[in-house]
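> Input: one structure, supplied below.
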Amino acid sequence: MIIGVPKEIKNNENRVGVTPAGTMELVKNGHTVFVQQNAGLQSGFSDEEYVNAGGKILPTIEEVYETAEMIIKVKEPIEPEYKLIKKDQLVFTYFHFASSEPLTNAMIDSGAVCVSYETVEDPDRSLPLLTPMSEVAGRMSIQQGAKYLEKPLKGRGILLGGVPGVAPARVLILGGGVVGTQAAKMAAGMGASVTILDISVKRMRYLDDVMPANVNTEFSNEHNIRKHIKTSDLIIGGVLIPGAKAPKLITRDMLQEMRPGTVLVDVAVDQGGCFETTKPTTHQDPVYIIDDVVHYSVANMPGAVPYTSTMALTNVTLPYAIQLANKGWKTACLENEPLKKGLNVVQGDVVYPAISEAFDLPLKDVNGYLK
């Protein structure tokens, strides 16, 4: 198969879809890999490394899309890329369709086969291709939150871990999944007082067992959320419903109950965000303030640490990419049930229920495409 790796063009997106090591593995499997010039530079990979791994360099994004049968990316295509995607082209990337109707309609119109990293789902309901980026974003959420709590950046002026004789900051984490767990680890390690809210008693029991003494769990409901936001300094939104829009757990009126300078970090922004006041921001302009509450909602947080993120992402996506390239998408998805769940839009039809529900679009049975 002819595989294309374009340079990401989303604002401050520094990751790349395939590393030189991943390129070498694809080439060893008999495929041709075209990498756009300088696509890996911001992640620390030179064109020379890709060539040494057996890849070929193309100067423009247009040539990569035109040449490739399969595109491997990191982030969803943005508007300048819509017209470059061809009918029947296989596009393997994060899409987050449920949060963007224009993207959904553009991919339907393109006739491409869209396999979303974030909806590939193992039998235990874990999301193997989303997990490493959730780990990165969860850990980063505390780094960023700690920074924006500083007074010059309009935060409350509180040190996350406190000092002897002064209480540490209070961190509230909504969701005890991968993001919430990683955020709690970081916040606890920095000495904060941490509360995780979740709706799964089984998950909270596990977290109680593995977390240090400065991390507590409570059942997530509106009453408990309203109780904690009054005294929390940093609030992390880490709630995910696979492939669907995130629930709005903090509403606009709740901002009035928070103290001035409270920081909200919405890691669920890619899926629409779990705060009603969330709007996507960029690393270039990451925060905005509503009712004296600082909002950080960068839609590609791991893009700020591209070397770590790209390595972690390729570790998990490469085996699936090799299957898709070796067998073709139909056979690969027939033989691999988790990968089949990654099919979102196929040749003009929506085949993933959460996208159909989000935009009231007709839903086609994915199995009809795999015969």
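Residues in the structure tokens are named by chain (A, B, ... in the order shown) and by number from 1 within that chain; ligands are numbered from 1 in the order shown.
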Among region 176-335 of chain A, which residues does DSSP mark as strand (DSSP E) when it is run on the backbone? Keep the chain and numbering as in the structure and answer as an MDAnalysis selection string.
chainID A and resid 193:198 215:219 234:237 263:266 287:290 293:296
> Listing only residues of region 265-327 of chain A within 9 Å of region 153-157 of chain A, what is the closest atom pair and its distance in Å (to one decimal) for each, using only C-alpha atoms, sorted by chain and residue number ascending, as JSON lines?

{"residue": "A:Ile289", "atom": "CA", "partner": "A:Lys154", "partner_atom": "CA", "distance": 8.6}
{"residue": "A:Asp292", "atom": "CA", "partner": "A:Lys154", "partner_atom": "CA", "distance": 8.4}
{"residue": "A:Val293", "atom": "CA", "partner": "A:Gly155", "partner_atom": "CA", "distance": 8.1}
{"residue": "A:Val294", "atom": "CA", "partner": "A:Gly155", "partner_atom": "CA", "distance": 6.8}
> Can you pull out the residues contacting Phe219 (chain A)? Cut-off 7 Å, using only C-alpha atoms, and skip same-chain residues under 4 positions away; I want them as a list in words.
Leu197, Asp198 and Ile199 of chain A
> I need the residues from that last selection saved to file as an mmCIF file, in the first residue's frame (with C-alpha atoms), if you can.

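That gives us selection.cif:
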data_model
loop_
_atom_site.group_PDB
_atom_site.id
_atom_site.type_symbol
_atom_site.label_atom_id
_atom_site.label_comp_id
_atom_site.auth_asym_id
_atom_site.auth_seq_id
_atom_site.Cartn_x
_atom_site.Cartn_y
_atom_site.Cartn_z
ATOM 1 C CA LEU A 197 -15.442 12.362 41.362
ATOM 2 C CA ASP A 198 -16.682 9.357 39.375
ATOM 3 C CA ILE A 199 -19.913 7.400 38.898
#
> For Asn326 (chain A), list every protein, DNA or RNA residue within 8 Å, evaluated using only C-alpha atoms, and leave out those in the same chain fewer than 2 positions away; present the list as a PyMOL selection string.
chain A and resi 1+29+322-324+328
> Give me, as a Markdown table, the closest atom pair and its distance (Å, one decimal) for every residue of region 94-173 of chain A within a cut-off of 12 Å of region 55-73 of chain A, counting only C-alpha atoms, rows sorted by chain and rising number.

| residue | atom | partner | partner_atom | distance |
| --- | --- | --- | --- | --- |
| A:Tyr94 | CA | A:Lys73 | CA | 7.6 |
| A:Phe95 | CA | A:Lys73 | CA | 9.9 |
| A:Ala112 | CA | A:Met70 | CA | 9.9 |
| A:Val113 | CA | A:Met70 | CA | 9.3 |
| A:Cys114 | CA | A:Ile71 | CA | 9.8 |
| A:Val115 | CA | A:Ile72 | CA | 10.0 |
| A:Ser116 | CA | A:Lys73 | CA | 10.4 |
| A:Tyr117 | CA | A:Lys73 | CA | 10.0 |
> What's the separation between CA of Gln347 (chain A) and CA of Ser110 (chain A), in Å to one decimal place?
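CA of Ser110 (chain A) lies at a distance of 7.6 Å from CA of Gln347 (chain A).
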> Could you state the separation of CA of Pro132 (chain A) and CA of Ala21 (chain A) in Å, given to one decimal place?
17.9 Å
> Within region 105-281 of chain A, find each residue whose DSSP state, derived from the backbone, is helix (DSSP H, G or I), and express the selection as an mmCIF file with C-alpha atoms, in the first residue's frame.

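The result, stored in result-v6.cif:
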data_model
loop_
_atom_site.group_PDB
_atom_site.id
_atom_site.type_symbol
_atom_site.label_atom_id
_atom_site.label_comp_id
_atom_site.auth_asym_id
_atom_site.auth_seq_id
_atom_site.Cartn_x
_atom_site.Cartn_y
_atom_site.Cartn_z
ATOM 1 C CA ASN A 105 -20.134 16.591 6.588
ATOM 2 C CA ALA A 106 -16.809 17.144 4.800
ATOM 3 C CA MET A 107 -15.746 13.531 5.338
ATOM 4 C CA ILE A 108 -19.169 12.261 4.240
ATOM 5 C CA ASP A 109 -18.835 14.347 1.061
ATOM 6 C CA SER A 110 -15.264 13.119 0.449
ATOM 7 C CA TYR A 117 -8.092 6.339 16.758
ATOM 8 C CA GLU A 118 -10.370 7.394 19.609
ATOM 9 C CA THR A 119 -13.129 4.839 18.940
ATOM 10 C CA THR A 131 -4.971 5.994 26.205
ATOM 11 C CA PRO A 132 -1.393 7.297 25.649
ATOM 12 C CA MET A 133 -2.614 10.774 24.671
ATOM 13 C CA SER A 134 -5.012 10.769 27.635
ATOM 14 C CA GLU A 135 -2.024 9.906 29.828
ATOM 15 C CA VAL A 136 -0.054 12.828 28.396
ATOM 16 C CA ALA A 137 -2.995 15.254 28.647
ATOM 17 C CA GLY A 138 -3.880 14.133 32.179
ATOM 18 C CA ARG A 139 -0.354 14.787 33.395
ATOM 19 C CA MET A 140 -0.108 18.056 31.462
ATOM 20 C CA SER A 141 -3.403 19.297 32.903
ATOM 21 C CA ILE A 142 -1.777 19.601 36.321
ATOM 22 C CA GLN A 143 1.383 21.247 34.941
ATOM 23 C CA GLN A 144 -0.733 23.824 33.135
ATOM 24 C CA GLY A 145 -3.166 24.225 36.006
ATOM 25 C CA ALA A 146 -0.341 24.841 38.467
ATOM 26 C CA LYS A 147 1.101 27.472 36.141
ATOM 27 C CA TYR A 148 -2.185 29.335 35.605
ATOM 28 C CA LYS A 151 -1.210 35.525 40.077
ATOM 29 C CA PRO A 152 0.574 37.070 37.042
ATOM 30 C CA LEU A 153 -1.442 34.637 34.907
ATOM 31 C CA VAL A 178 -7.128 7.529 32.324
ATOM 32 C CA VAL A 179 -7.036 11.351 32.316
ATOM 33 C CA GLY A 180 -8.303 11.618 35.888
ATOM 34 C CA THR A 181 -5.935 8.958 37.199
ATOM 35 C CA GLN A 182 -2.870 10.556 35.616
ATOM 36 C CA ALA A 183 -3.934 14.025 36.760
ATOM 37 C CA ALA A 184 -4.438 12.755 40.312
ATOM 38 C CA LYS A 185 -0.985 11.122 40.329
ATOM 39 C CA MET A 186 0.670 14.373 39.266
ATOM 40 C CA ALA A 187 -1.333 16.591 41.606
ATOM 41 C CA ALA A 188 -0.781 14.241 44.547
ATOM 42 C CA GLY A 189 2.938 14.040 43.777
ATOM 43 C CA VAL A 201 -18.015 2.625 42.604
ATOM 44 C CA LYS A 202 -15.805 -0.174 41.287
ATOM 45 C CA ARG A 203 -13.415 2.378 39.772
ATOM 46 C CA MET A 204 -13.375 4.469 42.955
ATOM 47 C CA ARG A 205 -12.617 1.370 45.006
ATOM 48 C CA TYR A 206 -9.612 0.718 42.753
ATOM 49 C CA LEU A 207 -8.436 4.345 42.976
ATOM 50 C CA ASP A 208 -8.754 4.318 46.758
ATOM 51 C CA ASP A 209 -6.456 1.285 46.815
ATOM 52 C CA VAL A 210 -3.730 2.673 44.555
ATOM 53 C CA GLU A 222 -24.565 17.637 40.818
ATOM 54 C CA HIS A 223 -24.784 18.060 44.583
ATOM 55 C CA ASN A 224 -21.192 16.946 45.156
ATOM 56 C CA ILE A 225 -19.896 18.960 42.201
ATOM 57 C CA ARG A 226 -21.568 22.130 43.532
ATOM 58 C CA LYS A 227 -20.183 21.415 47.004
ATOM 59 C CA HIS A 228 -16.574 21.012 45.852
ATOM 60 C CA ILE A 229 -16.338 23.841 43.304
ATOM 61 C CA ARG A 252 -22.391 28.548 33.404
ATOM 62 C CA ASP A 253 -24.227 29.436 36.627
ATOM 63 C CA MET A 254 -21.756 27.362 38.678
ATOM 64 C CA LEU A 255 -18.952 29.816 37.862
ATOM 65 C CA GLN A 256 -20.601 32.277 40.265
ATOM 66 C CA GLU A 257 -20.005 29.808 43.098
ATOM 67 C CA VAL A 267 -9.206 17.878 28.808
ATOM 68 C CA ALA A 268 -12.485 16.742 27.179
ATOM 69 C CA VAL A 269 -12.473 19.733 24.816
ATOM 70 C CA ASP A 270 -11.918 17.490 21.752
ATOM 71 C CA GLN A 271 -15.305 15.903 22.465
#
> For a test of reading the model, state the distance in Å between CA of Ala312 (chain A) and CA of Glu49 (chain A), rounded to one decimal.
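Interatomic distance, CA of Ala312 (chain A) to CA of Glu49 (chain A): 18.3 Å.
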> Compile the contact shell of Val239 (chain A) as a list in words: residues with an atom at most 8 Å away, counting only C-alpha atoms, same-chain residues fewer than 4 positions apart removed.
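Residues near the query, excluding close chain neighbours: Leu174, Gly175, Gly176, Gly177, Ala246, Pro247, Ala268 and Cys274 of chain A.
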> Applying 10 Å and only C-alpha atoms, which residues near Lys371 (chain A) remain after dropping the ones on its own chain fewer than 4 positions away? List them as an MDAnalysis selection string.
chainID A and resid 330:331 334 366:367
> Grab the residues selected above and save them as a tab-separated table (two decimals), in the first residue's frame with N, CA, C and O atoms.

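Contents of part-v5.tsv, freshly written:
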chain	number	residue	atom	x	y	z
A	330	LYS	N	-11.01	-3.57	4.83
A	330	LYS	CA	-12.15	-4.47	5.03
A	330	LYS	C	-11.75	-5.75	5.77
A	330	LYS	O	-12.36	-6.12	6.77
A	331	THR	N	-10.71	-6.40	5.29
A	331	THR	CA	-10.27	-7.65	5.93
A	331	THR	C	-9.74	-7.37	7.33
A	331	THR	O	-10.03	-8.11	8.28
A	334	LEU	N	-12.65	-6.84	9.59
A	334	LEU	CA	-13.39	-8.09	9.79
A	334	LEU	C	-12.69	-8.98	10.81
A	334	LEU	O	-13.34	-9.63	11.64
A	366	VAL	N	-22.29	-1.04	9.65
A	366	VAL	CA	-20.92	-1.17	9.19
A	366	VAL	C	-20.65	-2.53	8.57
A	366	VAL	O	-19.83	-2.68	7.65
A	367	ASN	N	-21.36	-3.57	9.04
A	367	ASN	CA	-21.13	-4.91	8.50
A	367	ASN	C	-21.47	-5.01	7.03
A	367	ASN	O	-20.93	-5.88	6.33
> Which residue gives the smallest distance to Ser99 (chain A) among A:Val287, A:Phe359, A:Pro302, A:Asp365, with only C-alpha atoms counted?
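Residue with the minimum atom-to-atom distance to Ser99 (chain A): A:Phe359.
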> Select, from A:Ser200, A:Asn214, A:Ser220, A:Ser356, the residue with the minimum atom-to-atom distance to Gly161 (chain A), counting only C-alpha atoms.
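Smallest distance to Gly161 (chain A) is found for A:Asn214.
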> Residues within 8 Å of region 38-44 of chain A, please, as a list in words. Count only C-alpha atoms; anything in the same chain fewer than 2 positions from it doesn't count.
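The neighbour list is Val5, Pro6, Lys7, Glu8, Asn14, Arg15, Val16, Thr19, Val35, Gln36, Ser46, Asp47, Pro306, Tyr307 and Thr310 of chain A.
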> Can you work out which one of A:Gly4, A:Gly261, A:Gly191, A:Gly22 has the shortest atom-to-atom distance to Gln37 (chain A), counting only C-alpha atoms?
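Among A:Gly4, A:Gly261, A:Gly191, A:Gly22, it is A:Gly4 that comes nearest to Gln37 (chain A).
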